[in-house]
Amino acid sequence: DQDAAKGKAVLGAILVQIALLDIVFSLDSVITAVGMVDHISIMILAVMVAVGFMMVFAGAVNHFISRHPTVKVLALSFLLLIGTTLIAEGFHFHFQKGFVYFAMAFSVFVEMLNVRMKTKAERRALEAEALRRGLES
(Lines give C-alpha, C1' and ligand atoms only; values in the text may rest on other atoms or scores of the structure.)
Protein backbone atom coordinates (compact mmCIF):
# COMPACT_ATOMS: atom_id res chain seq x y z
CA ASP A 1 0.00 0.00 0.00
CA GLN A 2 2.80 2.41 0.88
CA ASP A 3 4.67 1.57 -2.34
CA ALA A 4 1.57 2.31 -4.42
CA ALA A 5 1.04 5.62 -2.61
CA LYS A 6 4.70 6.50 -3.05
CA GLY A 7 4.48 5.66 -6.77
CA LYS A 8 1.41 7.89 -7.16
CA ALA A 9 3.18 10.72 -5.34
CA VAL A 10 6.23 10.39 -7.58
CA LEU A 11 4.05 10.26 -10.69
CA GLY A 12 2.18 13.37 -9.51
CA ALA A 13 5.46 15.21 -8.92
CA ILE A 14 6.67 14.23 -12.37
CA LEU A 15 3.45 15.46 -13.98
CA VAL A 16 3.71 18.78 -12.12
CA GLN A 17 7.33 19.18 -13.27
CA ILE A 18 6.36 18.46 -16.86
CA ALA A 19 3.50 20.97 -16.69
CA LEU A 20 5.80 23.64 -15.20
CA LEU A 21 8.44 23.01 -17.86
CA ASP A 22 5.76 23.24 -20.55
CA ILE A 23 4.66 26.59 -19.15
CA VAL A 24 8.23 27.89 -18.99
CA PHE A 25 9.08 26.73 -22.49
CA SER A 26 5.78 28.02 -23.85
CA LEU A 27 7.11 31.51 -23.12
CA ASP A 28 9.43 30.93 -26.06
CA SER A 29 6.37 30.13 -28.16
CA VAL A 30 4.67 33.28 -26.91
CA ILE A 31 7.65 35.44 -27.85
CA THR A 32 7.89 33.77 -31.24
CA ALA A 33 4.15 34.09 -31.87
CA VAL A 34 4.19 37.78 -30.92
CA GLY A 35 7.06 38.43 -33.29
CA MET A 36 5.80 36.41 -36.22
CA VAL A 37 2.08 37.23 -36.46
CA ASP A 38 -0.10 40.29 -36.09
CA HIS A 39 -3.33 38.75 -34.73
CA ILE A 40 -3.80 37.96 -31.03
CA SER A 41 -6.06 34.98 -31.75
CA ILE A 42 -3.32 33.33 -33.81
CA MET A 43 -0.81 33.99 -31.02
CA ILE A 44 -3.04 32.38 -28.40
CA LEU A 45 -3.77 29.42 -30.66
CA ALA A 46 -0.05 28.96 -31.38
CA VAL A 47 0.77 28.84 -27.68
CA MET A 48 -2.04 26.40 -26.93
CA VAL A 49 -1.03 24.11 -29.78
CA ALA A 50 2.66 24.29 -28.76
CA VAL A 51 1.90 23.32 -25.15
CA GLY A 52 -0.36 20.50 -26.32
CA PHE A 53 2.28 19.14 -28.66
CA MET A 54 4.94 19.37 -25.96
CA MET A 55 2.81 17.38 -23.53
CA VAL A 56 1.88 14.71 -26.05
CA PHE A 57 5.19 14.28 -27.85
CA ALA A 58 7.80 15.09 -25.16
CA GLY A 59 9.02 11.49 -24.88
CA ALA A 60 9.28 10.90 -28.61
CA VAL A 61 11.04 14.22 -29.16
CA ASN A 62 13.49 13.47 -26.36
CA HIS A 63 14.28 10.07 -27.89
CA PHE A 64 14.73 11.58 -31.37
CA ILE A 65 16.99 14.37 -30.12
CA SER A 66 19.05 11.89 -28.10
CA ARG A 67 19.63 9.88 -31.29
CA HIS A 68 20.25 12.98 -33.45
CA PRO A 69 21.99 15.71 -31.42
CA THR A 70 22.49 17.96 -34.47
CA VAL A 71 18.78 18.75 -34.23
CA LYS A 72 19.60 20.67 -31.02
CA VAL A 73 21.92 22.91 -33.02
CA LEU A 74 19.19 23.45 -35.60
CA ALA A 75 16.69 24.39 -32.88
CA LEU A 76 19.17 26.82 -31.35
CA SER A 77 19.80 28.37 -34.76
CA PHE A 78 16.04 28.85 -35.17
CA LEU A 79 15.93 30.65 -31.82
CA LEU A 80 18.82 32.83 -32.95
CA LEU A 81 17.08 33.57 -36.25
CA ILE A 82 13.79 34.47 -34.56
CA GLY A 83 15.59 36.51 -31.90
CA THR A 84 17.53 38.44 -34.52
CA THR A 85 14.33 39.05 -36.46
CA LEU A 86 12.57 40.33 -33.34
CA ILE A 87 15.45 42.66 -32.49
CA ALA A 88 15.54 43.98 -36.05
CA GLU A 89 11.78 44.55 -35.99
CA GLY A 90 12.23 46.41 -32.70
CA PHE A 91 14.52 48.81 -34.58
CA HIS A 92 11.85 49.14 -37.33
CA PHE A 93 13.82 47.06 -39.85
CA HIS A 94 11.20 44.67 -41.19
CA PHE A 95 11.74 41.32 -42.88
CA GLN A 96 9.14 39.61 -44.97
CA LYS A 97 8.12 36.69 -42.81
CA GLY A 98 8.06 34.40 -45.84
CA PHE A 99 11.84 34.67 -46.12
CA VAL A 100 12.27 33.66 -42.48
CA TYR A 101 9.86 30.74 -42.85
CA PHE A 102 11.57 29.63 -46.06
CA ALA A 103 15.01 29.70 -44.40
CA MET A 104 13.67 27.60 -41.53
CA ALA A 105 11.92 25.12 -43.83
CA PHE A 106 15.02 24.76 -45.99
CA SER A 107 17.15 24.15 -42.90
CA VAL A 108 14.76 21.45 -41.70
CA PHE A 109 14.88 19.83 -45.15
CA VAL A 110 18.70 19.75 -45.13
CA GLU A 111 18.74 18.35 -41.59
CA MET A 112 16.27 15.63 -42.59
CA LEU A 113 18.64 14.64 -45.41
CA ASN A 114 21.56 14.56 -42.95
CA VAL A 115 19.63 12.42 -40.46
CA ARG A 116 18.57 10.03 -43.20
CA MET A 117 22.14 9.69 -44.53
CA LYS A 118 23.48 9.10 -41.02
CA THR A 119 20.83 6.47 -40.31
CA LYS A 120 21.62 4.63 -43.55
CA ALA A 121 25.37 4.75 -42.82
CA GLU A 122 24.80 3.33 -39.34
CA ARG A 123 22.59 0.57 -40.76
CA ARG A 124 25.28 -0.35 -43.33
CA ALA A 125 27.93 -0.41 -40.61
CA LEU A 126 25.79 -2.75 -38.48
CA GLU A 127 25.17 -5.02 -41.47
CA ALA A 128 28.89 -5.10 -42.27
CA GLU A 129 29.69 -5.94 -38.65
CA ALA A 130 27.10 -8.73 -38.63
CA LEU A 131 28.54 -10.10 -41.89
CA ARG A 132 32.07 -9.96 -40.48
CA ARG A 133 30.97 -11.82 -37.33
CA GLY A 134 29.21 -14.39 -39.49
CA LEU A 135 32.36 -15.00 -41.51
CA GLU A 136 34.49 -15.38 -38.35
CA SER A 137 32.23 -18.14 -36.99
# chains A, B, ... in the order shown; residues from 1 in each chain; ligands from 1

$ residues_around --residues "Val100 (chain A)" --least-positions-apart "3" --cutoff "10 Å" --atoms "only C-alpha atoms" --output "MDAnalysis selection string"
chainID A and resid 36 78 81:82 85 95:97 103:106

$ write_last_selection --atoms "N, CA, C and O atoms" --output "CSV table (one decimal), in the first residue's frame"
chain,number,residue,atom,x,y,z
A,36,MET,N,6.0,36.9,-34.9
A,36,MET,CA,5.8,36.4,-36.2
A,36,MET,C,4.4,36.6,-36.8
A,36,MET,O,4.2,36.4,-38.0
A,78,PHE,N,17.4,28.3,-35.0
A,78,PHE,CA,16.0,28.9,-35.2
A,78,PHE,C,15.8,29.9,-34.1
A,78,PHE,O,15.2,31.0,-34.4
A,81,LEU,N,17.7,32.9,-35.1
A,81,LEU,CA,17.1,33.6,-36.2
A,81,LEU,C,15.9,34.4,-35.8
A,81,LEU,O,15.7,35.6,-36.2
A,82,ILE,N,15.0,33.8,-35.0
A,82,ILE,CA,13.8,34.5,-34.6
A,82,ILE,C,14.2,35.6,-33.7
A,82,ILE,O,13.6,36.7,-33.8
A,85,THR,N,15.5,38.4,-35.8
A,85,THR,CA,14.3,39.1,-36.5
A,85,THR,C,13.5,40.0,-35.5
A,85,THR,O,13.2,41.1,-35.9
A,95,PHE,N,11.5,42.4,-41.9
A,95,PHE,CA,11.7,41.3,-42.9
A,95,PHE,C,10.4,40.8,-43.3
A,95,PHE,O,9.4,40.8,-42.6
A,96,GLN,N,10.3,40.3,-44.6
A,96,GLN,CA,9.1,39.6,-45.0
A,96,GLN,C,9.2,38.2,-44.3
A,96,GLN,O,10.2,37.5,-44.4
A,97,LYS,N,8.1,37.9,-43.6
A,97,LYS,CA,8.1,36.7,-42.8
A,97,LYS,C,8.3,35.4,-43.7
A,97,LYS,O,8.8,34.4,-43.2
A,103,ALA,N,13.7,30.1,-44.9
A,103,ALA,CA,15.0,29.7,-44.4
A,103,ALA,C,14.9,28.6,-43.4
A,103,ALA,O,15.7,27.6,-43.4
A,104,MET,N,13.9,28.6,-42.5
A,104,MET,CA,13.7,27.6,-41.5
A,104,MET,C,13.3,26.3,-42.2
A,104,MET,O,13.8,25.2,-41.8
A,105,ALA,N,12.4,26.3,-43.1
A,105,ALA,CA,11.9,25.1,-43.8
A,105,ALA,C,13.1,24.5,-44.6
A,105,ALA,O,13.2,23.3,-44.6
A,106,PHE,N,13.9,25.3,-45.2
A,106,PHE,CA,15.0,24.8,-46.0
A,106,PHE,C,16.0,24.1,-45.0
A,106,PHE,O,16.5,23.0,-45.3

$ residues_around --residues "Leu80 (chain A)" --least-positions-apart "5" --cutoff "12 Å" --atoms "only C-alpha atoms" --output "list in words"
Asp28, Thr32, Val73, Leu74, Ala75, Thr85, Leu86, Ile87, Val100 and Met104 of chain A

$ residues_around --residues "Met55 (chain A)" --least-positions-apart "4" --cutoff "9 Å" --atoms "only C-alpha atoms" --output "list in words"
Ile18, Ala19, Asp22, Ala50, Val51 and Gly59 of chain A

$ closest_residue --among "A:Ala13, A:Val61, A:Val71, A:Val49" --to "Val110 (chain A)" --atoms "only C-alpha atoms"
A:Val71
